[in-house]
file upload.txt (compact mmCIF, C-alpha atoms)
# COMPACT_ATOMS: atom_id res chain seq x y z
CA MET P 1 36.75 67.23 -41.68
CA ASP P 2 38.69 70.52 -41.79
CA ASP P 3 41.75 71.07 -39.61
CA LEU P 4 39.98 73.27 -37.04
CA LEU P 5 37.23 70.71 -36.52
CA ALA P 6 39.80 67.90 -36.38
CA ALA P 7 41.85 69.77 -33.75
CA ARG P 8 38.77 70.54 -31.68
CA SER P 9 37.51 66.95 -31.99
CA THR P 10 40.88 65.55 -30.94
CA MET P 11 41.04 67.80 -27.89
CA ALA P 12 37.42 67.11 -26.97
CA PHE P 13 37.83 63.35 -27.21
CA SER P 14 41.11 63.40 -25.29
CA LEU P 15 39.66 65.54 -22.50
CA GLY P 16 36.49 63.47 -22.38
CA PHE P 17 38.55 60.31 -21.97
CA HIS P 18 40.96 61.76 -19.43
CA ILE P 19 38.34 63.41 -17.23
CA ILE P 20 37.01 59.98 -16.21
CA PHE P 21 40.38 58.94 -14.81
CA ALA P 22 41.03 62.38 -13.34
CA SER P 23 37.71 62.20 -11.47
CA VAL P 24 38.59 58.81 -10.04
CA GLY P 25 42.07 59.98 -9.10
CA MET P 26 40.64 62.97 -7.23
CA THR P 27 38.08 61.05 -5.20
CA MET P 28 38.64 57.30 -5.00
CA PRO P 29 41.63 57.59 -2.61
CA PHE P 30 39.29 59.17 -0.04
CA PHE P 31 37.04 56.10 -0.21
CA MET P 32 40.12 53.93 0.24
CA SER P 33 41.31 56.01 3.20
CA ALA P 34 37.88 55.79 4.83
CA ALA P 35 37.89 51.99 4.58
CA HIS P 36 41.47 51.86 5.91
CA TYR P 37 40.53 54.11 8.83
CA LEU P 38 37.60 51.86 9.72
CA HIS P 39 39.93 48.85 9.68
CA LEU P 40 42.44 50.55 11.99
CA LYS P 41 39.67 51.60 14.39
CA THR P 42 37.65 48.36 14.41
CA GLY P 43 40.21 45.72 13.42
CA LYS P 44 37.66 44.10 11.11
CA PRO P 45 39.32 42.26 8.21
CA VAL P 46 36.49 43.18 5.84
CA TYR P 47 37.70 46.79 5.79
CA LEU P 48 41.31 45.73 5.21
CA GLU P 49 40.28 43.66 2.19
CA LEU P 50 38.19 46.53 0.90
CA THR P 51 41.12 48.93 1.28
CA LYS P 52 43.43 46.65 -0.69
CA MET P 53 40.83 46.03 -3.38
CA TRP P 54 40.24 49.74 -3.90
CA LEU P 55 43.98 50.44 -3.77
CA LYS P 56 44.57 48.20 -6.78
CA GLY P 57 41.80 49.97 -8.66
CA VAL P 58 43.32 53.37 -7.82
CA ALA P 59 46.73 52.19 -9.02
CA ILE P 60 45.35 50.93 -12.36
CA LEU P 61 43.41 54.12 -13.05
CA PHE P 62 46.31 56.30 -11.92
CA ALA P 63 48.54 54.63 -14.51
CA VAL P 64 45.99 55.04 -17.33
CA GLY P 65 45.26 58.61 -16.25
CA ALA P 66 48.98 59.41 -16.34
CA VAL P 67 49.16 58.22 -19.95
CA SER P 68 46.08 60.15 -21.11
CA GLY P 69 47.15 63.25 -19.18
CA THR P 70 50.61 63.21 -20.74
CA VAL P 71 49.01 62.97 -24.17
CA LEU P 72 46.94 66.07 -23.39
CA SER P 73 50.00 68.11 -22.47
CA PHE P 74 51.56 67.32 -25.84
CA GLU P 75 48.31 68.07 -27.66
CA LEU P 76 48.12 71.57 -26.22
CA GLY P 77 51.37 72.50 -27.91
CA LEU P 78 50.72 70.51 -31.06
CA LEU P 79 47.17 71.64 -31.75
CA TRP P 80 47.05 75.12 -30.22
CA PRO P 81 50.47 76.78 -30.61
CA GLU P 82 49.15 80.35 -30.63
CA PHE P 83 47.24 79.74 -27.42
CA MET P 84 50.32 78.29 -25.74
CA LYS P 85 52.51 81.13 -26.99
CA HIS P 86 50.37 83.84 -25.41
CA ALA P 87 48.68 82.00 -22.54
CA MET P 88 51.54 80.12 -20.87
CA PRO P 89 53.42 83.22 -19.66
CA VAL P 90 50.16 84.26 -17.97
CA ILE P 91 48.63 81.01 -16.72
CA GLY P 92 51.58 78.63 -16.67
CA MET P 93 51.95 78.68 -12.86
CA PRO P 94 49.00 76.38 -12.02
CA PHE P 95 50.27 73.93 -14.65
CA SER P 96 53.59 73.71 -12.79
CA TRP P 97 51.77 73.31 -9.49
CA GLU P 98 49.64 70.57 -11.04
CA GLY P 99 52.85 68.78 -12.01
CA THR P 100 54.08 69.05 -8.43
CA ALA P 101 50.81 67.68 -7.06
CA PHE P 102 50.96 64.81 -9.55
CA PHE P 103 54.52 64.00 -8.42
CA LEU P 104 53.44 63.95 -4.76
CA GLU P 105 50.48 61.76 -5.65
CA ALA P 106 52.79 59.26 -7.39
CA VAL P 107 55.16 59.16 -4.40
CA ALA P 108 52.28 58.70 -1.96
CA ILE P 109 50.82 55.85 -4.01
CA GLY P 110 54.19 54.11 -3.96
CA LEU P 111 54.50 54.50 -0.20
CA PHE P 112 50.99 53.24 0.39
CA LEU P 113 51.37 50.31 -1.99
CA TYR P 114 54.61 49.05 -0.45
CA GLY P 115 54.31 50.40 3.10
CA TRP P 116 52.23 47.58 4.56
CA GLU P 117 53.94 46.24 7.73
CA ARG P 118 56.94 48.53 7.02
CA MET P 119 55.59 51.80 8.44
CA ASN P 120 53.73 52.94 11.50
CA LYS P 121 50.10 52.05 10.78
CA TRP P 122 48.84 55.62 11.12
CA VAL P 123 51.69 57.07 9.07
CA HIS P 124 50.87 54.46 6.43
CA TRP P 125 47.22 55.51 6.54
CA ALA P 126 48.27 59.15 6.16
CA THR P 127 50.17 58.35 2.94
CA GLY P 128 46.94 57.01 1.48
CA LEU P 129 45.16 60.19 2.48
CA VAL P 130 47.90 62.23 0.82
CA VAL P 131 47.11 60.42 -2.44
CA GLY P 132 43.62 61.89 -2.33
CA ILE P 133 44.71 65.36 -1.20
CA ALA P 134 47.34 65.57 -3.96
CA GLY P 135 44.88 64.34 -6.59
CA PHE P 136 42.26 66.81 -5.40
CA SER P 137 44.80 69.64 -5.52
CA SER P 138 45.87 68.62 -9.00
CA GLY P 139 42.29 68.97 -10.18
CA ILE P 140 41.98 72.42 -8.60
CA PHE P 141 45.06 73.69 -10.43
CA VAL P 142 43.93 72.40 -13.81
CA VAL P 143 40.42 73.81 -13.43
CA ALA P 144 41.97 77.16 -12.50
CA VAL P 145 43.52 77.24 -15.98
CA ASN P 146 40.13 76.60 -17.55
CA GLY P 147 38.62 79.26 -15.30
CA TRP P 148 41.14 81.73 -16.69
CA MET P 149 40.09 80.83 -20.23
CA ASN P 150 36.51 81.70 -19.25
CA ALA P 151 37.39 84.83 -17.25
CA PRO P 152 40.86 85.95 -18.33
CA THR P 153 42.66 88.32 -15.96
CA GLY P 154 46.17 89.04 -14.71
CA PHE P 155 47.44 90.75 -17.88
CA ASP P 156 46.85 93.53 -20.33
CA TRP P 157 46.30 92.67 -24.01
CA VAL P 158 48.22 95.19 -26.10
CA ASP P 159 48.79 94.87 -29.86
CA GLY P 160 48.05 91.14 -29.82
CA ALA P 161 50.35 90.29 -26.90
CA ALA P 162 50.01 89.87 -23.13
CA VAL P 163 51.88 92.46 -21.03
CA ASN P 164 51.92 93.51 -17.36
CA ILE P 165 51.48 89.87 -16.36
CA ASP P 166 50.41 88.90 -12.83
CA PRO P 167 50.38 85.07 -12.63
CA VAL P 168 48.78 85.02 -9.16
CA ALA P 169 45.85 87.16 -10.32
CA ALA P 170 45.56 84.97 -13.41
CA MET P 171 45.39 81.78 -11.37
CA PHE P 172 42.87 83.13 -8.87
CA ASN P 173 40.64 84.51 -11.60
CA GLU P 174 36.96 85.27 -11.19
CA ALA P 175 35.87 81.84 -12.47
CA TRP P 176 38.28 79.53 -10.62
CA LEU P 177 36.28 79.20 -7.39
CA HIS P 178 32.87 78.27 -8.79
CA GLN P 179 34.37 76.03 -11.49
CA THR P 180 36.57 74.22 -8.98
CA MET P 181 33.73 73.70 -6.52
CA HIS P 182 31.41 72.47 -9.25
CA MET P 183 33.95 70.05 -10.72
CA GLN P 184 35.27 68.60 -7.45
CA VAL P 185 31.78 67.99 -6.09
CA ALA P 186 30.72 66.48 -9.44
CA ALA P 187 33.71 64.12 -9.37
CA MET P 188 32.84 62.95 -5.85
CA GLN P 189 29.22 62.48 -6.91
CA ALA P 190 30.02 60.57 -10.11
CA VAL P 191 32.65 58.25 -8.64
CA GLY P 192 30.63 57.61 -5.50
CA PHE P 193 27.64 56.41 -7.50
CA ALA P 194 29.78 54.46 -9.97
CA VAL P 195 31.61 52.54 -7.23
CA ALA P 196 28.40 51.98 -5.26
CA GLY P 197 26.64 50.66 -8.36
CA ILE P 198 29.43 48.17 -9.08
CA HIS P 199 29.29 46.85 -5.52
CA ALA P 200 25.48 46.74 -5.70
CA ALA P 201 25.79 44.48 -8.75
CA LEU P 202 28.25 42.20 -6.94
CA TYR P 203 26.02 42.16 -3.86
CA LEU P 204 23.04 41.07 -5.96
CA LYS P 205 25.10 38.16 -7.26
CA GLY P 206 25.02 36.83 -3.70
CA LYS P 207 28.75 36.44 -2.95
CA ALA P 208 30.52 38.23 -0.06
CA LYS P 209 27.33 40.22 0.51
CA GLU P 210 28.48 41.86 3.75
CA PHE P 211 31.70 43.02 2.08
CA HIS P 212 29.93 44.64 -0.85
CA LEU P 213 27.25 46.17 1.37
CA ARG P 214 29.90 47.92 3.47
CA ALA P 215 31.68 49.08 0.32
CA LEU P 216 28.41 50.42 -1.08
CA LYS P 217 27.72 52.39 2.10
CA ILE P 218 31.15 54.04 2.14
CA ALA P 219 31.13 54.98 -1.54
CA LEU P 220 27.54 56.18 -1.61
CA THR P 221 27.96 58.24 1.54
CA PHE P 222 30.52 60.34 -0.34
CA GLY P 223 28.43 60.33 -3.52
CA ALA P 224 25.13 61.14 -1.80
CA VAL P 225 26.50 64.03 0.25
CA ALA P 226 28.05 65.46 -2.92
CA SER P 227 24.76 65.03 -4.80
CA LEU P 228 22.84 66.97 -2.18
CA LEU P 229 25.45 69.75 -2.15
CA GLN P 230 25.59 70.03 -5.93
CA PRO P 231 22.35 72.02 -6.43
CA LEU P 232 23.68 74.72 -4.09
CA VAL P 233 27.06 74.76 -5.84
CA GLY P 234 25.32 74.77 -9.23
CA HIS P 235 23.22 77.78 -8.23
CA PHE P 236 26.36 79.67 -7.22
CA ALA P 237 28.06 78.66 -10.49
CA GLY P 238 25.04 79.73 -12.53
CA GLN P 239 25.08 83.19 -10.99
CA ARG P 240 28.79 83.57 -11.73
CA VAL P 241 28.23 82.53 -15.35
CA ALA P 242 25.42 85.10 -15.61
CA GLU P 243 27.87 87.78 -14.52
CA LEU P 244 31.01 86.66 -16.37
CA GLN P 245 29.66 84.96 -19.52
CA PRO P 246 26.08 86.10 -20.13
CA ALA P 247 26.14 84.80 -23.73
CA LYS P 248 26.92 81.32 -22.41
CA LEU P 249 24.01 81.54 -19.95
CA ALA P 250 21.70 82.60 -22.78
CA ALA P 251 22.83 79.61 -24.87
CA MET P 252 22.43 77.24 -21.92
CA GLU P 253 18.79 78.27 -21.58
CA GLY P 254 17.97 78.96 -25.24
CA HIS P 255 17.24 82.55 -24.21
CA PHE P 256 17.16 84.62 -27.39
CA LYS P 257 15.34 87.81 -26.37
CA THR P 258 16.38 90.10 -23.53
CA SER P 259 13.53 90.13 -21.06
CA LYS P 260 12.42 90.42 -17.47
CA GLN P 261 10.84 87.45 -15.69
CA ALA P 262 12.90 85.24 -18.01
CA PRO P 263 11.70 81.62 -18.04
CA LEU P 264 13.73 78.56 -17.12
CA TRP P 265 13.10 75.76 -19.61
CA ILE P 266 12.71 72.11 -18.72
CA GLY P 267 13.71 70.21 -21.84
CA GLY P 268 13.02 71.75 -25.22
CA ILE P 269 15.13 72.36 -28.29
CA PRO P 270 16.21 75.87 -29.32
CA ASP P 271 15.29 76.85 -32.88
CA VAL P 272 18.10 79.18 -33.88
CA GLU P 273 16.41 80.30 -37.10
CA THR P 274 13.15 81.40 -35.49
CA GLN P 275 14.89 82.22 -32.18
CA GLU P 276 12.33 80.32 -30.16
CA MET P 277 12.28 77.33 -27.83
CA LYS P 278 10.24 74.33 -28.93
CA TRP P 279 8.65 71.47 -27.01
CA GLY P 280 9.98 72.47 -23.60
CA ILE P 281 8.17 73.46 -20.42
CA PRO P 282 8.84 77.09 -19.38
CA LEU P 283 8.92 78.11 -15.72
CA PRO P 284 8.28 81.89 -15.84
CA GLY P 285 10.70 84.06 -13.89
CA MET P 286 12.87 81.17 -12.73
CA LEU P 287 15.87 81.99 -14.95
CA SER P 288 15.80 85.55 -13.61
CA PHE P 289 15.68 84.19 -10.07
CA ILE P 290 18.48 81.68 -10.60
CA ALA P 291 20.72 84.26 -12.25
CA TYR P 292 19.99 87.25 -10.01
CA ASP P 293 17.83 86.07 -7.07
CA ASP P 294 14.98 88.19 -8.43
CA VAL P 295 12.12 86.87 -10.58
CA ASN P 296 11.74 90.32 -12.14
CA ALA P 297 15.41 90.74 -13.07
CA GLU P 298 16.32 91.33 -16.70
CA VAL P 299 18.32 88.56 -18.40
CA ARG P 300 20.21 89.40 -21.56
CA GLY P 301 19.31 87.38 -24.63
CA LEU P 302 21.51 86.19 -27.48
CA GLU P 303 20.15 89.00 -29.63
CA GLU P 304 22.59 91.35 -27.88
CA TRP P 305 25.63 89.68 -29.44
CA PRO P 306 26.66 89.43 -33.10
CA ARG P 307 25.49 86.14 -34.59
CA GLU P 308 29.11 85.06 -35.25
CA GLU P 309 29.78 85.27 -31.50
CA TRP P 310 26.92 83.00 -30.48
CA PRO P 311 27.94 79.67 -28.96
CA PRO P 312 26.48 76.55 -30.62
CA VAL P 313 23.10 77.01 -28.94
CA VAL P 314 21.52 73.58 -29.42
CA ILE P 315 24.56 71.62 -28.18
CA THR P 316 25.04 73.91 -25.19
CA HIS P 317 21.37 73.78 -24.18
CA VAL P 318 20.97 70.01 -24.58
CA ALA P 319 24.21 69.30 -22.67
CA PHE P 320 23.09 71.59 -19.86
CA GLN P 321 19.71 69.86 -19.66
CA ILE P 322 21.41 66.44 -19.47
CA MET P 323 23.72 67.60 -16.69
CA VAL P 324 20.92 69.13 -14.61
CA GLY P 325 18.55 66.22 -15.23
CA ILE P 326 21.07 63.63 -14.10
CA GLY P 327 21.96 65.75 -11.09
CA GLY P 328 18.31 65.77 -10.06
CA VAL P 329 18.01 61.98 -10.42
CA LEU P 330 21.14 61.36 -8.32
CA ALA P 331 19.91 63.77 -5.63
CA VAL P 332 16.66 61.79 -5.32
CA LEU P 333 18.60 58.52 -5.12
CA SER P 334 20.76 60.07 -2.40
CA LEU P 335 17.75 60.86 -0.26
CA LEU P 336 16.46 57.32 -0.77
CA PHE P 337 19.86 55.93 0.21
CA PHE P 338 19.86 57.69 3.58
CA TYR P 339 16.23 56.73 4.14
CA PHE P 340 16.78 53.02 3.47
CA TRP P 341 20.04 52.99 5.44
CA ARG P 342 18.19 54.39 8.45
CA LYS P 343 15.51 51.70 8.04
CA GLY P 344 18.28 49.08 7.92
CA ASN P 345 17.32 47.54 4.59
CA PHE P 346 18.02 48.29 0.95
CA PRO P 347 15.26 46.85 -1.26
CA PRO P 348 16.37 44.99 -4.39
CA TRP P 349 14.76 47.54 -6.73
CA PHE P 350 16.89 50.28 -5.17
CA LEU P 351 20.06 48.23 -5.58
CA TRP P 352 19.20 47.54 -9.22
CA THR P 353 18.61 51.25 -9.70
CA LEU P 354 22.13 51.88 -8.36
CA VAL P 355 23.50 49.35 -10.85
CA PHE P 356 21.90 51.20 -13.76
CA SER P 357 23.09 54.54 -12.37
CA VAL P 358 26.78 53.58 -12.65
CA PRO P 359 27.47 55.70 -15.77
CA LEU P 360 25.11 58.58 -14.96
CA GLY P 361 27.54 60.71 -12.97
CA MET P 362 30.24 60.43 -15.63
CA ILE P 363 27.72 61.32 -18.33
CA ALA P 364 26.82 64.41 -16.30
CA ILE P 365 30.49 65.39 -16.05
CA GLU P 366 30.96 64.98 -19.80
CA ALA P 367 27.83 67.07 -20.41
CA GLY P 368 29.02 69.73 -17.96
CA TRP P 369 32.37 70.07 -19.67
CA THR P 370 30.55 70.29 -23.00
CA VAL P 371 28.62 73.26 -21.61
CA THR P 372 31.84 74.86 -20.35
CA GLU P 373 33.84 74.42 -23.55
CA VAL P 374 31.21 74.64 -26.28
CA GLY P 375 29.45 77.46 -24.46
CA ARG P 376 32.65 79.55 -24.60
CA GLN P 377 32.91 79.35 -28.38
CA PRO P 378 33.94 81.00 -30.62
CA TRP P 379 36.55 82.03 -28.03
CA ILE P 380 39.43 79.94 -26.71
CA VAL P 381 40.24 82.80 -24.29
CA TYR P 382 36.95 84.58 -23.68
CA GLY P 383 36.85 87.98 -25.35
CA VAL P 384 40.57 87.89 -26.17
CA MET P 385 41.48 85.12 -28.62
CA LYS P 386 39.21 83.13 -30.91
CA THR P 387 39.63 79.40 -31.34
CA LYS P 388 40.23 79.67 -35.07
CA ASP P 389 43.20 82.00 -34.40
CA ALA P 390 44.84 79.58 -31.96
CA VAL P 391 44.83 76.38 -34.03
CA THR P 392 47.96 74.98 -35.64
CA PRO P 393 48.61 75.85 -39.30
CA VAL P 394 49.98 72.34 -39.90
CA PRO P 395 47.61 70.43 -42.24
CA GLY P 396 46.37 66.87 -41.83
CA MET P 397 45.04 67.09 -38.29
CA GLN P 398 42.30 64.60 -39.14
CA TYR P 399 44.91 61.82 -39.27
CA HIS P 400 46.04 62.82 -35.81
CA PHE P 401 42.43 62.52 -34.65
CA TYR P 402 42.04 59.01 -36.10
CA LEU P 403 45.35 57.93 -34.56
CA PHE P 404 44.25 59.01 -31.12
CA LEU P 405 40.89 57.32 -31.51
CA VAL P 406 42.78 54.05 -31.94
CA LEU P 407 45.09 54.83 -29.00
CA TYR P 408 42.26 55.58 -26.61
CA PHE P 409 40.28 52.56 -27.78
CA LEU P 410 43.24 50.32 -26.92
CA LEU P 411 43.66 52.04 -23.55
CA ALA P 412 39.97 51.56 -22.80
CA VAL P 413 40.08 47.86 -23.71
CA ALA P 414 43.18 47.32 -21.56
CA THR P 415 41.60 49.14 -18.61
CA VAL P 416 38.35 47.17 -18.79
CA TRP P 417 40.29 43.89 -19.02
CA LEU P 418 42.46 44.80 -16.03
CA PHE P 419 39.43 45.77 -13.97
CA LYS P 420 37.53 42.63 -14.86
CA ARG P 421 40.52 40.51 -13.95
CA GLN P 422 41.05 42.44 -10.70
CA ILE P 423 37.41 41.96 -9.65
CA GLN P 424 37.61 38.22 -10.38
CA VAL P 425 40.82 37.87 -8.32
CA ALA P 426 39.36 39.92 -5.48
CA GLN P 427 36.16 37.87 -5.43
CA LYS P 428 38.15 34.64 -5.18
CA ARG P 429 40.27 36.06 -2.38
CA LEU P 430 37.18 37.19 -0.50
CA GLU P 431 35.79 33.65 -0.60
CA ASP P 432 39.01 32.39 0.98
CA VAL P 433 39.53 35.14 3.58
CA LEU P 434 36.06 36.23 4.74

call {"tool": "encode", "arguments": {"input": "upload.txt", "output": "structure tokens"}}
result
Amino acid sequence: MDDLLAARSTMAFSLGFHIIFASVGMTMPFFMSAAHYLHLKTGKPVYLELTKMWLKGVAILFAVGAVSGTVLSFELGLLWPEFMKHAMPVIGMPFSWEGTAFFLEAVAIGLFLYGWERMNKWVHWATGLVVGIAGFSSGIFVVAVNGWMNAPTGFDWVDGAAVNIDPVAAMFNEAWLHQTMHMQVAAMQAVGFAVAGIHAALYLKGKAKEFHLRALKIALTFGAVASLLQPLVGHFAGQRVAELQPAKLAAMEGHFKTSKQAPLWIGGIPDVETQEMKWGIPLPGMLSFIAYDDVNAEVRGLEEWPREEWPPVVITHVAFQIMVGIGGVLAVLSLLFFYFWRKGNFPPWFLWTLVFSVPLGMIAIEAGWTVTEVGRQPWIVYGVMKTKDAVTPVPGMQYHFYLFLVLYFLLAVATVWLFKRQIQVAQKRLEDVL
């Protein structure tokens, strides 16, 4: 493993690990606040117990997310010094705002954890809501940085240096809105289905069934609404990618030749050598429509860029197909959820399907970030700085990669153990209280 691959692998693994906890931190507090609100309005103890159960889960994942996020901040400087040298004067502002949001989130968690019976009940509820708002804001600021890497603005690049810097223009770059919308909705979708699936499994075990049914309904309401919104957000994001990063769009679809009535492929594997798609199902004109709202529009193919500037086509295409495929499955499950809820009965097969869907949303997020990052290659800042020019010159990065594999493995084991123990304790308490 050479040093560039080791650095990229380390960053990819670290981000892939952290994004799970970031997604939970952005969305789970809203589930908790909804349950708390229902308790305050109805006085039913089931919602109070649900609030406290979810609160402990939020606290555990917040702590693990803080560790993995801190590691990432060090890795940026350690692995990509040239990027940090030139990028931070331009795009450092949202990083500082993210730190502020994280601080507010930590304070709000503390107030909510220890504010029971010590604060006005509605003020206490508001502190829990602030946890979610701060976490959501934190995610927006971080994604804005990634948006800038995909659509850099707010500076002039002169003789290998950034001048005439405008940090506000850099933060509100052309990619920040669609990337933020896509990520925040995806997080709500993934966490909603994951939490609902866990409660579906506990419901099927036959203990505290009413408790887990109410939890499932709250979590999946958030997840299902997000799943039905995601195709619209994805369409908007796809059109922005077509405008800002047409080479990425071509790689996502395995589109090698510039053409009108460009097909959208369902499945398939791009053959880079022959520049053809194999084994997929083409839908003529649909890529043109998705990109430009016109089935006759011309879509640029990879042939228009030098071969050394092509993204890794197979990885980008397969990751995109996984993301879209899972999104479609979760949208169908969302419609079924509202249908069965209206009928007043969730059949066992549907609950088992929710159990098996627990990891799907997170897999879709990982695939989506693969499209975003791999599809931008060979650039770390699109059209400005290549990844190979940003990596550290320090040798031996593969040992750093192996070290962090061990670290994240230990963190994962500790998190799973804590969650298992928390669920066992909560189940026992439910038997005593409800």

call {"tool": "closest_residue", "arguments": {"input": "upload.txt", "among": "P:His36, P:Lys217, P:Lys388, P:His235", "to": "Phe346 in chain P", "atoms": "all atoms listed in the file"}}
result
P:Lys217

call {"tool": "residues_around", "arguments": {"input": "upload.txt", "residues": "Met181 in chain P", "least_positions_apart": "4", "cutoff": "8 Å", "atoms": "all atoms listed in the file", "output": "PDB file with C-alpha atoms, in the frame of the given file"}}
result
ATOM      1  CA  LEU P 177      36.280  79.200  -7.390  1.00  0.00           C
ATOM      2  CA  VAL P 185      31.780  67.990  -6.090  1.00  0.00           C
ATOM      3  CA  VAL P 233      27.060  74.760  -5.840  1.00  0.00           C
TER       4      VAL P 233
END

call {"tool": "atom_distance", "arguments": {"input": "upload.txt", "atom1": "CA of Met171 in chain P", "atom2": "CA of Pro378 in chain P"}}
result
22.4 Å

call {"tool": "closest_residue", "arguments": {"input": "upload.txt", "among": "P:Phe409, P:Phe236, P:Phe193, P:Phe155", "to": "Gln179 in chain P", "atoms": "only C-alpha atoms"}}
result
P:Phe236

call {"tool": "atom_distance", "arguments": {"input": "upload.txt", "atom1": "CA of Ile266 in chain P", "atom2": "CA of Asn150 in chain P"}}
result
25.7 Å

call {"tool": "closest_residue", "arguments": {"input": "upload.txt", "among": "P:Gln377, P:Thr316, P:Ser96, P:Gln321", "to": "Leu264 in chain P", "atoms": "all atoms listed in the file"}}
result
P:Gln321

call {"tool": "atom_distance", "arguments": {"input": "upload.txt", "atom1": "CA of Asp294 in chain P", "atom2": "CA of Val225 in chain P"}}
result
28.1 Å

call {"tool": "closest_atom_pairs", "arguments": {"input": "upload.txt", "of": "range 92-174 of chain P", "to": "range 61-79 of chain P", "cutoff": "12 Å", "atoms": "all atoms listed in the file", "output": "CSV"}}
result
residue,atom,partner,partner_atom,distance
P:Phe95,CA,P:Ser73,CA,9.8
P:Ser96,CA,P:Ser73,CA,11.7
P:Glu98,CA,P:Gly69,CA,11.2
P:Gly99,CA,P:Thr70,CA,10.6
P:Phe102,CA,P:Ala66,CA,8.9
P:Phe103,CA,P:Ala66,CA,10.7
P:Glu105,CA,P:Phe62,CA,9.3
P:Ala106,CA,P:Phe62,CA,8.4
P:Val107,CA,P:Phe62,CA,12.0
P:Ala108,CA,P:Phe62,CA,11.9
P:Ile109,CA,P:Phe62,CA,9.1
P:Gly110,CA,P:Phe62,CA,11.4
P:Val131,CA,P:Phe62,CA,10.4
P:Gly132,CA,P:Phe62,CA,11.4
P:Gly135,CA,P:Phe62,CA,9.8
P:Ser138,CA,P:Gly69,CA,11.6
P:Gly139,CA,P:Gly69,CA,11.7
P:Val142,CA,P:Gly69,CA,11.1

call {"tool": "residues_around", "arguments": {"input": "upload.txt", "residues": "range 164-167 of chain P", "least_positions_apart": "5", "cutoff": "6 Å", "atoms": "all atoms listed in the file", "output": "PyMOL selection string"}}
result
chain P and resi 90+154-156

call {"tool": "residues_near_point", "arguments": {"input": "upload.txt", "point": "(18.3, 67.3, -16.8)", "cutoff": "12 Å", "atoms": "all atoms listed in the file", "output": "list in words"}}
result
Met252, Glu253, Trp265, Ile266, Gly267, Gly268, Gly280, His317, Val318, Ala319, Phe320, Gln321, Ile322, Met323, Val324, Gly325, Ile326, Gly327, Gly328, Val329, Leu330, Ala331, Leu360, Gly361, Ile363, Ala364, Ala367 and Gly368 of chain P

call {"tool": "residues_around", "arguments": {"input": "upload.txt", "residues": "Phe337 in chain P", "least_positions_apart": "6", "cutoff": "10 Å", "atoms": "only C-alpha atoms", "output": "PyMOL selection string"}}
result
chain P and resi 217+220-221+224+331+343+345-346+350-351+354

call {"tool": "closest_residue", "arguments": {"input": "upload.txt", "among": "P:Val158, P:Val168, P:Leu55, P:Leu40", "to": "Gly92 in chain P", "atoms": "only C-alpha atoms"}}
result
P:Val168

call {"tool": "closest_residue", "arguments": {"input": "upload.txt", "among": "P:Gly301, P:Val416, P:Gln245, P:Pro282", "to": "Lys257 in chain P", "atoms": "all atoms listed in the file"}}
result
P:Gly301
